[in-house]
Every structure is written in structure tokens, then in C-alpha cells.
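Peer 1: work10.txt is reproduced in full below (compact mmCIF, C-alpha atoms).
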# COMPACT_ATOMS: atom_id res chain seq x y z
CA MET J 1 -26.20 -10.04 19.03
CA SER J 2 -24.76 -9.19 22.38
CA GLY J 3 -23.71 -5.70 23.35
CA HIS J 4 -25.20 -2.28 22.67
CA TRP J 5 -21.88 -1.41 21.00
CA ALA J 6 -23.05 -3.41 17.96
CA GLU J 7 -26.14 -1.31 17.21
CA TRP J 8 -25.62 0.15 13.73
CA ASN J 9 -26.03 3.93 13.62
CA THR J 10 -29.05 4.73 11.43
CA VAL J 11 -27.49 8.03 10.30
CA SER J 12 -25.53 6.00 7.76
CA ARG J 13 -28.79 4.97 6.08
CA GLU J 14 -29.90 8.58 5.78
CA ALA J 15 -26.50 9.83 4.59
CA PRO J 16 -24.65 6.92 2.97
CA TRP J 17 -21.06 7.10 1.69
CA THR J 18 -20.16 10.22 3.67
CA VAL J 19 -16.49 10.42 4.64
CA GLY J 20 -14.60 11.44 7.77
CA VAL J 21 -10.82 11.69 8.11
CA GLU J 22 -8.56 11.09 11.12
CA GLU J 23 -4.92 12.14 10.88
CA GLU J 24 -2.18 11.58 13.45
CA VAL J 25 0.20 14.52 13.77
CA MET J 26 3.67 14.72 15.34
CA LEU J 27 4.66 17.52 17.73
CA LEU J 28 8.21 18.80 17.28
CA GLU J 29 10.87 20.86 19.02
CA PRO J 30 11.87 23.32 16.27
CA ASN J 31 15.65 23.50 16.79
CA ALA J 32 16.78 19.88 16.65
CA TRP J 33 13.39 18.76 15.23
CA ASN J 34 13.01 16.07 17.89
CA LEU J 35 9.61 14.86 18.98
CA THR J 36 8.35 16.70 22.05
CA SER J 37 5.89 15.10 24.49
CA ARG J 38 3.68 18.11 25.12
CA SER J 39 0.28 17.00 23.84
CA GLU J 40 -1.44 17.68 27.17
CA GLU J 41 -0.12 21.23 27.13
CA VAL J 42 -1.48 21.76 23.63
CA LEU J 43 -4.87 20.22 24.44
CA ALA J 44 -5.21 22.55 27.44
CA VAL J 45 -5.10 25.70 25.29
CA LEU J 46 -7.13 24.65 22.26
CA PRO J 47 -9.82 27.10 21.13
CA GLU J 48 -13.37 25.86 21.64
CA ASP J 49 -13.98 25.01 17.99
CA MET J 50 -10.94 22.71 17.98
CA VAL J 51 -11.65 20.75 21.17
CA ALA J 52 -14.02 18.18 19.69
CA ARG J 53 -11.80 17.69 16.63
CA THR J 54 -8.48 17.11 18.46
CA ALA J 55 -7.54 14.20 20.72
CA ALA J 56 -4.57 12.71 22.56
CA GLU J 57 -2.81 9.64 21.19
CA THR J 58 -0.87 6.81 22.84
CA HIS J 59 2.33 8.87 22.85
CA GLY J 60 2.65 12.35 24.29
CA SER J 61 4.29 13.62 21.11
CA ALA J 62 1.23 12.89 18.95
CA LEU J 63 -2.23 14.37 18.45
CA GLU J 64 -5.13 13.24 16.29
CA LEU J 65 -7.10 15.63 14.10
CA ALA J 66 -10.56 14.36 13.11
CA THR J 67 -13.00 15.92 10.67
CA GLU J 68 -16.75 15.75 10.81
CA PRO J 69 -18.53 13.52 8.26
CA HIS J 70 -18.78 15.12 4.82
CA ALA J 71 -20.83 14.23 1.77
CA GLU J 72 -17.86 14.93 -0.49
CA VAL J 73 -14.12 14.43 -0.17
CA ALA J 74 -13.50 18.10 -0.91
CA GLY J 75 -15.40 19.13 2.22
CA ALA J 76 -13.48 16.72 4.45
CA VAL J 77 -10.17 17.87 3.00
CA ASP J 78 -11.04 21.53 3.42
CA GLU J 79 -11.81 20.87 7.08
CA LEU J 80 -8.57 18.94 7.54
CA ARG J 81 -6.63 21.83 5.98
CA TRP J 82 -8.38 24.22 8.39
CA LEU J 83 -7.63 21.95 11.37
CA ARG J 84 -3.94 21.89 10.45
CA GLY J 85 -3.87 25.67 10.17
CA GLU J 86 -5.58 26.16 13.52
CA LEU J 87 -3.28 23.67 15.23
CA ALA J 88 -0.25 25.51 13.85
CA LYS J 89 -1.58 28.75 15.36
CA VAL J 90 -1.95 27.04 18.75
CA VAL J 91 1.41 25.29 18.94
CA GLU J 92 3.76 27.92 17.55
CA PRO J 93 3.42 30.35 20.52
CA LEU J 94 4.32 27.36 22.74
CA GLY J 95 7.57 26.84 20.86
CA ILE J 96 6.24 23.70 19.16
CA ARG J 97 5.93 22.83 15.49
CA ALA J 98 3.85 20.16 13.74
CA ALA J 99 4.37 17.84 10.80
CA VAL J 100 2.97 14.63 9.34
CA ALA J 101 4.66 11.44 8.16
CA GLY J 102 4.28 7.74 8.95
CA THR J 103 7.19 7.82 11.41
CA HIS J 104 9.54 10.41 12.87
CA PRO J 105 12.81 9.74 11.00
CA PHE J 106 15.25 9.66 13.91
CA THR J 107 13.49 9.40 17.27
CA LEU J 108 14.51 6.56 19.64
CA TRP J 109 12.25 4.53 21.89
CA GLU J 110 13.95 5.75 25.08
CA ASP J 111 12.83 9.32 24.27
CA VAL J 112 9.16 8.28 24.05
CA GLU J 113 6.58 9.03 26.75
CA VAL J 114 3.14 7.44 27.01
CA SER J 115 0.27 9.92 27.33
CA PRO J 116 -1.13 10.32 30.87
CA GLY J 117 -4.80 9.69 29.97
CA ALA J 118 -6.55 6.66 31.44
CA ARG J 119 -6.89 4.92 28.05
CA TYR J 120 -3.18 5.19 27.37
CA GLN J 121 -2.10 4.20 30.85
CA PHE J 122 -4.31 1.12 30.42
CA LEU J 123 -2.43 0.43 27.19
CA TYR J 124 0.86 0.69 29.01
CA SER J 125 -0.30 -1.64 31.80
CA SER J 126 -1.61 -4.08 29.20
CA MET J 127 1.31 -4.05 26.76
CA ARG J 128 4.15 -2.99 29.06
CA GLU J 129 7.16 -1.64 27.19
CA LEU J 130 5.59 -2.36 23.80
CA ALA J 131 3.64 0.85 24.33
CA ARG J 132 6.91 2.79 24.43
CA ARG J 133 8.13 1.80 21.00
CA GLU J 134 8.68 4.69 18.60
CA PRO J 135 5.35 6.37 17.76
CA THR J 136 3.70 5.81 14.42
CA PHE J 137 1.34 8.14 12.58
CA GLY J 138 -1.56 6.82 10.54
CA LEU J 139 -4.38 8.03 8.32
CA HIS J 140 -7.84 6.60 9.03
CA VAL J 141 -10.82 7.06 6.70
CA HIS J 142 -14.43 6.41 7.72
CA VAL J 143 -17.06 5.75 5.06
CA ALA J 144 -20.74 5.52 6.04
CA VAL J 145 -22.47 2.33 4.87
CA PRO J 146 -26.28 2.12 4.94
CA ASN J 147 -26.65 -1.12 6.91
CA PRO J 148 -24.43 -3.61 8.75
CA GLU J 149 -24.80 -6.51 6.33
CA GLN J 150 -23.76 -4.28 3.45
CA ALA J 151 -20.88 -3.06 5.60
CA VAL J 152 -19.64 -6.61 6.25
CA ARG J 153 -19.87 -7.38 2.54
CA SER J 154 -17.73 -4.34 1.76
CA TYR J 155 -15.38 -5.03 4.67
CA ASN J 156 -14.67 -8.59 3.50
CA ARG J 157 -13.76 -7.46 -0.01
CA VAL J 158 -11.98 -4.22 0.87
CA ARG J 159 -9.46 -6.44 2.66
CA ALA J 160 -8.18 -7.38 -0.81
CA HIS J 161 -7.26 -3.75 -1.50
CA LEU J 162 -5.42 -3.01 1.74
CA PRO J 163 -1.97 -3.84 0.31
CA MET J 164 -2.62 -1.44 -2.58
CA LEU J 165 -3.64 1.34 -0.19
CA LEU J 166 -0.52 0.66 1.85
CA ALA J 167 1.71 0.74 -1.24
CA LEU J 168 0.17 4.05 -2.31
CA SER J 169 0.41 5.66 1.13
CA GLY J 170 3.91 4.51 2.19
CA ASN J 171 5.45 7.58 3.86
CA SER J 172 7.90 6.28 6.47
CA PRO J 173 11.21 5.14 4.96
CA PHE J 174 13.40 6.37 7.84
CA TRP J 175 13.66 4.99 11.38
CA GLN J 176 16.16 5.63 14.15
CA GLY J 177 18.18 7.85 11.83
CA ARG J 178 18.64 5.45 8.95
CA ASP J 179 16.97 4.44 5.72
CA THR J 180 15.19 1.15 6.39
CA GLY J 181 14.85 0.14 2.74
CA LEU J 182 11.09 0.00 3.35
CA CYS J 183 8.50 2.46 2.10
CA SER J 184 6.38 2.04 5.25
CA MET J 185 8.42 1.30 8.35
CA ARG J 186 5.30 2.30 10.29
CA THR J 187 3.72 -1.01 9.31
CA PRO J 188 6.15 -3.41 11.05
CA LEU J 189 6.55 -1.00 13.98
CA PHE J 190 2.81 -0.91 14.59
CA GLN J 191 2.75 -4.70 14.20
CA ALA J 192 4.26 -4.91 17.70
CA PHE J 193 0.79 -4.13 19.06
CA PRO J 194 -1.77 -6.93 19.44
CA ARG J 195 -4.93 -7.09 17.31
CA VAL J 196 -3.39 -5.52 14.21
CA GLY J 197 -3.03 -6.43 10.53
CA ILE J 198 -5.58 -7.74 8.06
CA PRO J 199 -8.43 -9.43 9.95
CA ARG J 200 -10.23 -12.56 8.86
CA GLU J 201 -13.38 -12.79 6.77
CA PHE J 202 -16.73 -12.86 8.56
CA ARG J 203 -19.82 -14.72 7.31
CA SER J 204 -22.27 -12.03 8.44
CA TYR J 205 -22.63 -9.08 10.76
CA ALA J 206 -23.78 -11.45 13.52
CA ASP J 207 -20.56 -13.42 13.04
CA TYR J 208 -18.51 -10.20 13.27
CA VAL J 209 -20.29 -9.11 16.45
CA GLU J 210 -19.94 -12.50 18.14
CA GLY J 211 -16.24 -12.68 17.33
CA ILE J 212 -15.57 -9.35 19.01
CA ASP J 213 -18.11 -9.77 21.79
CA MET J 214 -16.44 -12.96 23.00
CA LEU J 215 -13.22 -10.98 23.53
CA LEU J 216 -15.15 -8.29 25.38
CA ARG J 217 -16.88 -10.84 27.60
CA CYS J 218 -13.50 -12.34 28.46
CA ASP J 219 -12.08 -8.89 29.34
CA ALA J 220 -9.41 -9.01 26.63
CA PHE J 221 -9.93 -5.25 26.24
CA PRO J 222 -12.53 -2.75 27.44
CA GLU J 223 -14.24 -1.79 24.17
CA PRO J 224 -13.97 -2.43 20.41
CA THR J 225 -11.73 0.52 19.55
CA PHE J 226 -8.87 -1.50 21.09
CA LEU J 227 -8.99 -3.51 17.86
CA TRP J 228 -6.34 -1.92 15.65
CA TRP J 229 -7.01 -3.93 12.51
CA ASP J 230 -6.20 -2.45 9.10
CA VAL J 231 -9.95 -2.26 8.51
CA ARG J 232 -12.76 -2.49 11.03
CA LEU J 233 -16.43 -1.68 11.39
CA GLN J 234 -17.53 1.20 13.61
CA PRO J 235 -21.20 0.54 14.46
CA ARG J 236 -21.56 3.65 16.64
CA PHE J 237 -20.82 5.77 13.56
CA GLY J 238 -22.31 3.40 10.99
CA THR J 239 -19.01 3.35 9.12
CA LEU J 240 -16.37 1.10 7.68
CA GLU J 241 -13.00 2.46 8.84
CA VAL J 242 -9.88 1.84 6.75
CA ARG J 243 -6.72 2.24 8.84
CA VAL J 244 -3.87 0.67 6.87
CA MET J 245 -2.42 3.91 5.47
CA ASP J 246 0.57 5.97 6.59
CA ALA J 247 -0.33 9.56 7.40
CA GLN J 248 0.35 11.87 4.46
CA THR J 249 2.63 14.90 4.60
CA ARG J 250 0.56 16.90 2.08
CA VAL J 251 -3.19 17.42 2.40
CA ALA J 252 -3.48 16.91 -1.35
CA ASP J 253 -2.18 13.36 -1.03
CA THR J 254 -4.66 12.72 1.77
CA ALA J 255 -7.42 13.89 -0.58
CA ALA J 256 -6.34 11.36 -3.21
CA ILE J 257 -6.32 8.48 -0.74
CA VAL J 258 -9.63 9.47 0.89
CA ALA J 259 -11.33 9.53 -2.53
CA PHE J 260 -9.87 6.12 -3.38
CA VAL J 261 -11.08 4.64 -0.08
CA GLN J 262 -14.56 6.15 -0.43
CA CYS J 263 -14.91 4.74 -3.94
CA LEU J 264 -13.54 1.31 -3.02
CA VAL J 265 -15.94 0.95 -0.09
CA ARG J 266 -18.91 1.86 -2.28
CA LEU J 267 -17.68 -0.32 -5.16
CA GLU J 268 -17.40 -3.38 -2.93
CA ALA J 269 -20.65 -2.72 -1.08
CA LEU J 270 -22.69 -2.36 -4.27
CA GLU J 271 -20.85 -4.51 -6.83
CA GLY J 272 -18.44 -6.90 -5.10
CA HIS J 273 -15.48 -6.24 -7.38
CA ALA J 274 -12.68 -8.14 -5.59
CA GLY J 275 -12.33 -11.76 -6.65
CA HIS J 276 -13.00 -14.59 -4.22
CA ALA J 277 -9.57 -16.12 -4.91
CA LEU J 278 -7.91 -13.11 -3.30
CA VAL J 279 -10.44 -12.32 -0.58
CA SER J 280 -10.41 -15.88 0.76
CA ARG J 281 -6.61 -16.33 0.93
CA PRO J 282 -5.25 -14.65 4.07
CA GLU J 283 -1.73 -15.91 3.39
CA VAL J 284 -1.70 -14.07 0.05
CA LEU J 285 -3.08 -10.90 1.61
CA GLU J 286 -0.41 -11.00 4.31
CA GLU J 287 2.38 -11.51 1.78
CA ASN J 288 1.05 -8.66 -0.37
CA ARG J 289 0.85 -6.46 2.71
CA PHE J 290 4.50 -7.08 3.51
CA VAL J 291 5.67 -6.52 -0.06
CA ALA J 292 3.60 -3.30 -0.25
CA SER J 293 5.18 -1.98 2.97
CA ARG J 294 8.62 -2.81 1.62
CA ASP J 295 8.39 -1.74 -2.02
CA GLY J 296 5.54 0.76 -2.19
CA MET J 297 4.26 1.33 -5.72
CA SER J 298 7.22 -0.64 -7.11
CA ALA J 299 5.72 -3.77 -5.56
CA GLN J 300 4.90 -6.90 -7.50
CA LEU J 301 1.74 -8.19 -5.81
CA ILE J 302 0.47 -11.77 -5.94
CA ASP J 303 -2.72 -12.35 -7.93
CA PRO J 304 -3.94 -15.85 -6.92
CA ALA J 305 -6.44 -15.92 -9.79
CA LEU J 306 -3.51 -15.76 -12.23
CA GLU J 307 -1.06 -17.58 -9.93
CA SER J 308 1.54 -14.93 -10.68
CA ARG J 309 2.76 -11.53 -9.54
CA ARG J 310 1.50 -8.30 -11.05
CA PRO J 311 2.95 -4.77 -10.94
CA ALA J 312 1.11 -2.66 -8.37
CA VAL J 313 0.73 0.15 -10.92
CA GLU J 314 -1.06 -2.18 -13.36
CA TRP J 315 -3.44 -3.34 -10.62
CA LEU J 316 -3.98 0.26 -9.50
CA ASN J 317 -5.01 1.36 -13.00
CA GLU J 318 -7.65 -1.39 -13.11
CA LEU J 319 -9.04 -0.36 -9.73
CA LEU J 320 -9.17 3.31 -10.71
CA ALA J 321 -11.15 2.39 -13.82
CA ALA J 322 -13.60 0.36 -11.69
CA CYS J 323 -13.91 3.23 -9.22
CA ALA J 324 -14.40 5.97 -11.81
CA PRO J 325 -18.23 5.68 -12.10
CA HIS J 326 -18.51 5.79 -8.31
CA ALA J 327 -16.25 8.84 -8.16
CA ALA J 328 -18.52 10.61 -10.66
CA GLU J 329 -21.56 9.92 -8.49
CA LEU J 330 -19.76 10.87 -5.26
CA GLY J 331 -18.29 14.10 -6.62
CA CYS J 332 -14.64 13.15 -6.18
CA ALA J 333 -13.51 12.48 -9.76
CA ASP J 334 -10.67 15.02 -9.61
CA GLU J 335 -9.39 13.69 -6.30
CA LEU J 336 -9.53 10.10 -7.56
CA GLU J 337 -7.63 11.05 -10.71
CA SER J 338 -4.91 12.61 -8.53
CA VAL J 339 -4.13 9.12 -7.21
CA ARG J 340 -2.05 8.64 -10.37
CA GLY J 341 0.22 11.54 -9.43
CA LEU J 342 0.68 10.21 -5.91
CA ALA J 343 1.48 6.74 -7.27
CA ALA J 344 4.24 8.27 -9.41
CA ALA J 345 5.86 9.98 -6.41
CA THR J 346 4.70 8.61 -3.06
CA GLY J 347 5.61 10.16 0.27
CA ALA J 348 8.47 7.69 0.77
CA VAL J 349 9.94 8.56 -2.63
CA ARG J 350 9.79 12.26 -1.85
CA GLN J 351 11.27 11.80 1.62
CA ARG J 352 14.28 10.01 0.19
CA SER J 353 14.72 12.71 -2.43
CA ARG J 354 14.60 15.46 0.19
CA ALA J 355 17.00 13.72 2.57
CA GLY J 356 19.53 13.02 -0.17
CA GLN J 357 21.38 9.90 -1.12
CA GLY J 358 24.24 8.24 0.73
CA ALA J 359 25.01 6.76 4.12
CA ALA J 360 24.16 9.95 6.04
CA PRO J 361 20.72 11.26 5.01
CA GLN J 362 20.05 14.91 5.87
CA LEU J 363 17.19 14.28 8.29
CA GLY J 364 17.17 17.78 9.76
CA ARG J 365 16.61 19.15 6.27
CA LEU J 366 13.88 16.55 5.75
CA MET J 367 12.12 17.55 8.98
CA ARG J 368 12.10 21.22 7.97
CA ALA J 369 10.52 20.24 4.67
CA LEU J 370 7.88 18.06 6.37
CA HIS J 371 7.00 20.96 8.65
CA ALA J 372 6.84 23.37 5.73
CA ASP J 373 4.30 21.09 4.02
CA PHE J 374 2.06 20.96 7.09
CA THR J 375 0.13 24.10 6.13
CA SER J 376 1.83 25.39 2.97
CA ALA J 377 0.53 25.89 -0.55
CA ARG J 378 2.26 22.61 -1.43
CA SER J 379 -0.70 20.95 0.26
CA GLU J 380 -2.97 22.13 -2.54
CA PRO J 381 -4.70 19.51 -4.70
CA ALA J 382 -2.30 16.92 -6.11
CA PHE J 383 -3.77 17.19 -9.59
CA LEU J 384 -2.36 20.73 -9.67
CA THR J 385 1.07 19.93 -8.25
CA VAL J 386 3.12 16.81 -7.78
The structure given in the file should be rewritten as C-alpha cells.

Peer 2:
Amino acid sequence: MSGHWAEWNTVSREAPWTVGVEEEVMLLEPNAWNLTSRSEEVLAVLPEDMVARTAAETHGSALELATEPHAEVAGAVDELRWLRGELAKVVEPLGIRAAVAGTHPFTLWEDVEVSPGARYQFLYSSMRELARREPTFGLHVHVAVPNPEQAVRSYNRVRAHLPMLLALSGNSPFWQGRDTGLCSMRTPLFQAFPRVGIPREFRSYADYVEGIDMLLRCDAFPEPTFLWWDVRLQPRFGTLEVRVMDAQTRVADTAAIVAFVQCLVRLEALEGHAGHALVSRPEVLEENRFVASRDGMSAQLIDPALESRRPAVEWLNELLAACAPHAAELGCADELESVRGLAAATGAVRQRSRAGQGAAPQLGRLMRALHADFTSARSEPAFLTV
């Protein structure tokens, strides 16, 4: 193996299956509910206990909130709820509001500013005007895996479940002021960046490291976090990071998805549940990914083992049954069960309901509702409220 970046963090062996959550948040002007590019201003006045948990993003109208690793989903979600509450306290005196969804429903690319930090200016110099496309907001979940070979085994098979996670998390139906007909417009928007989507299979951890290290040696990018794949390994944390999901408006929905990801990673690392026919067919995974972004939980996904399409809900129920014993051991059975409620009314479904039907959706009303959910009681566990 080549670089020091590939050394697997031994903490994951001592505390396997812990979870950490990263959530991208939009900053808003509260009258017209436009995005406002004031992230540097917010970062400058954060209280000390928020500094390490809050970071700039590519666009000046976005911030990332990141929890510490937690043994149980409930702990990570409690911290995320606290981070949201603290951020709200910081931004409101500045005349800023915050909300979460996969995209802002009506912003235009010409209103977008790239963050001034060196990383983001490098992005702009590397990708030119692609970096100024409308911002997207994702949910990233880290799960600690004891060793790198086990992590690659889980990584290869978790790829099969990425379309399902995308279908469940779709929360961006609106773009540039109109209904796109998709459940996750964030997905094709983010596809404009390089090094995105479902990555290929790797034979071993050494194969994974060599594939990335060649790009580093050739100066394709400065370090491995410039890979924006839907799933990737994070050796410095000892985690498998799943990144395919839209950010969730309600914390309760985040809890459901985090539990599902944690259980899927453990299921695939220990049992190898996903069939080879699906894992080894990138063309099927890509087609399922597109259909999931378009149709959400109404999707009919291709099962190559059966050579037919299957309803996403049917496939989801099978996965939840396979994950249930892992959820019992990980202490997230309630959160995993709440996936069923989210599947019945995803973020995209609720956004359309809030904006109303017809040619002129009420996007101002929708934005007020998204903001209200940022810290409200409606973010309580999804198995209590749908």
C-alpha cells in the first residue's frame, strides 16, 4: 500500500459499528426565503462547543453539522438535534434562518457563491463553473468497521442497497421554482461533479488503495475526500461512509435512515446478504439508482436474479427483516422500525403536499414549513409521528 492516508484507524476495532452523522444545512434569508451566502459570518461567531462540529461547504449558503461517533443511533440523533438547536440560536440574531432538504426549491445558479476557503477555491479552479451550479444538501452516515478487509467486503455489497437508500431518502422534488417530477433532483444535480455515483467493486483493500493512490500520484486531486462517491471508505476514521441520501427535513427521518445504514453495513460485513448477481452488475445498479431518484418509494427496481422488476416497498420489507437481528444487537430496533413510516411518506411526498398541486406550487409556504421542522417537535421520532 502506498500512502499514509490508507492506514486503517484502529479505534474501529475497539468500538465497531459506531455511527456518526453529517448533515448539510441551508442558510436562508427569512423574508423571501432565498439562500443567503453568509456561512463565513456564521462560522465566525460560533460558540466554542460548536466549532469542531460545524464546517463550511462548497457554497457559501451551506454549512455541515457533524456529530461525534456514537455507539447507538439514539445518541447520534440526540446530538444532531442539539446541533440544530444551537445553530438556530447562532443564526437568528444575524437575521438568518436554517432548514434542511435535498435542494433549495427555487434558487438559481447565478445567485450562488462559492465559499472562500482554500478547498472550495481549489474546487472552483478545478471544475470552473460546475462549482457554481445550484447547491445540493446531503446526508452522510459513517459506520465503524473493525478492519479494512471487512470494510471492503461490506462496501462492495452495500453498493447493492444504494438505490433503496436513495428511494427512501428522496427529499428534493423542486428545482428552479418548478416540480421536476423527480423525488431526488439533488442526485442528477450533484452528478455534474466528477468522481460521483456508485463506484466499482474492489477485489481487496489493497486494490481499493491502489486505485485511489494512482489518482493521487497523478495529482488528479489533493486527497481522498475529493472522491464524492455514493459510498466510500474513510481509513482515517476506520469507517464506511454512505453518502447517497438526500438530507432529511426532520431529525426523526434522519434517525430512521441512520439506523438502516448502520444495520446494512453490519449485515453485509458479517453475513454478505446482497446477491452476487446484483453486486456485480454496475449497469443494473446505475439503472436502479436513476429510477430511485425519479420515483422514490414508488420505484420498480431491477432484480437481476429474477430478471424482472420488483416494487421498492417489497424489497425494503425483505431488507428490514434481514436487518432486524442486527438492530436488536445495536440498540436501534425502534429507529429501524420507523423506516416503514418514512417509506409511506418520504420527504419528497411531504414537500409536494405542502406546496400544493398545480402549475404554481406555493414554495414560500413550503420554505416556511421546512424551517419550522428544523428544530420543532415535528422532528421527534418518526415512530411517534408521521

Peer 1: Take the point (-1.7, 29.9, 21.7) as written in the file and pick out every residue within 10 Å of it, counting all atoms listed in the file; give the list as a list in words.

Peer 2: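 Applying the cut-off with all atoms listed in the file, one gets Val42, Ala44, Val45, Leu46, Pro47, Glu86, Leu87, Ala88, Lys89, Val90, Val91, Glu92, Pro93, Leu94 and Gly95 of chain J.
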
Peer 1: Please measure the separation of atom CA of J:Cys263 and atom CA of J:Leu330, giving the value in Å to one decimal.

Peer 2: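 It comes out at 7.9 Å.
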
Peer 1: Stretch 283-378 of chain J near stretch 62-78 of chain J within 10 Å: what's each residue's closest atom pair and its distance in Å to one decimal, counting all atoms listed in the file, ordered by chain then ascending residue number, as JSON lines?

Peer 2:
{"residue": "J:Ala327", "atom": "CA", "partner": "J:Glu72", "partner_atom": "CA", "distance": 9.9}
{"residue": "J:Leu330", "atom": "CA", "partner": "J:Glu72", "partner_atom": "CA", "distance": 6.5}
{"residue": "J:Gly331", "atom": "CA", "partner": "J:Glu72", "partner_atom": "CA", "distance": 6.2}
{"residue": "J:Cys332", "atom": "CA", "partner": "J:Val73", "partner_atom": "CA", "distance": 6.2}
{"residue": "J:Ala333", "atom": "CA", "partner": "J:Val73", "partner_atom": "CA", "distance": 9.8}
{"residue": "J:Asp334", "atom": "CA", "partner": "J:Ala74", "partner_atom": "CA", "distance": 9.7}
{"residue": "J:Glu335", "atom": "CA", "partner": "J:Val73", "partner_atom": "CA", "distance": 7.8}
{"residue": "J:Leu336", "atom": "CA", "partner": "J:Val73", "partner_atom": "CA", "distance": 9.7}

Peer 1: Using all atoms listed in the file, find the one residue out of J:Leu267, J:Ala369, J:Leu285, J:Val258 that sits nearest to J:Pro325.

Peer 2: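 For J:Pro325, the nearest of the candidates is J:Leu267.
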
Peer 1: Mind listing whatever residues come within 12 Å of the point (-19.7, -14.8, 7.1)? Use all atoms listed in the file, file coordinates, and give them as an MDAnalysis selection string.

Peer 2: chainID J and resid 149:157 200:211 280

Peer 1: Could you work out how far atom CA of J:Ser298 lies from atom CA of J:Thr346, giving the answer in Å with one decimal?

Peer 2: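 So the two atoms, atom CA of J:Thr346 and atom CA of J:Ser298, lie 10.4 Å apart.
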
Peer 1: Do you know which residues are at most 9 Å from J:Asp179 counting only C-alpha atoms, after dropping those on the same chain fewer than 2 positions away, and could you put them as a short mmCIF file (atom, residue, chain, number, x, y, z; two decimals) with C-alpha atoms, keeping the file's coordinate frame?

Peer 2:
data_model
loop_
_atom_site.label_atom_id
_atom_site.label_comp_id
_atom_site.auth_asym_id
_atom_site.auth_seq_id
_atom_site.Cartn_x
_atom_site.Cartn_y
_atom_site.Cartn_z
CA PRO J 105 12.81 9.74 11.00
CA PRO J 173 11.21 5.14 4.96
CA PHE J 174 13.40 6.37 7.84
CA TRP J 175 13.66 4.99 11.38
CA GLN J 176 16.16 5.63 14.15
CA GLY J 177 18.18 7.85 11.83
CA GLY J 181 14.85 0.14 2.74
CA LEU J 182 11.09 0.00 3.35
CA ARG J 352 14.28 10.01 0.19
CA ALA J 359 25.01 6.76 4.12
CA PRO J 361 20.72 11.26 5.01
#

Peer 1: Tell me which of J:Ser37, J:Ser169, J:Gln357, J:Thr58 sits closest to J:Gln248, counting only C-alpha atoms.

Peer 2: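 For J:Gln248, the nearest of the candidates is J:Ser169.
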
Peer 1: Determine the nearest neighbour of J:Glu29 from the options J:Leu43, J:Val51, J:Val265, J:Ile96, counting all atoms listed in the file.

Peer 2: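 Checking each of J:Leu43, J:Val51, J:Val265, J:Ile96 against J:Glu29, counting all atoms listed in the file, the winner is J:Ile96.
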
Peer 1: So, with all atoms listed in the file as the atoms that count, which of J:Gln300, J:Thr36, J:Ser12, J:Thr254 lies closest to J:Asn171?

Peer 2: J:Thr254

Peer 1: In Å, with one decimal, what is the gap from atom CA of J:Glu22 to atom CA of J:Arg266?

Peer 2: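 If I compute the distance from atom CA of J:Glu22 to atom CA of J:Arg266, I get 19.3 Å.
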
Peer 1: Which residues, written as a PyMOL selection string, have at least one atom at most 7 Å from J:Gly296, with only C-alpha atoms counted and residues fewer than 4 positions away on the same chain left out?

Peer 2: chain J and resi 167-168+170+183+292

Peer 1: Measuring between all atoms listed in the file, which one of J:Asp295, J:Gly341, J:Ala15, J:Glu307 shows the shortest distance to J:Met164?

Peer 2: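 Residue with the minimum atom-to-atom distance to J:Met164: J:Asp295.
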
Peer 1: Any idea what's packed within 10 Å of J:Pro304, counting all atoms listed in the file, ignoring anything in its chain fewer than 5 positions away? Could you give it as a VMD selection string?

Peer 2: chain J and resid 275 to 279 281 284 to 285 309

Peer 1: Restricting the calculation to all atoms listed in the file, which member of J:Trp228, J:Trp82, J:Trp33, J:Trp315 is positioned closest to J:Ala160?

Peer 2: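 Of J:Trp228, J:Trp82, J:Trp33, J:Trp315, the one nearest J:Ala160 is J:Trp315, counting all atoms listed in the file.
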
Peer 1: Using all atoms listed in the file, which protein or nucleic acid residues come within 8 Å of J:Met245? Drop anything in the same chain fewer than 4 positions from it, and give the result as a PyMOL selection string.

Peer 2: chain J and resi 138-140+165-166+169-170
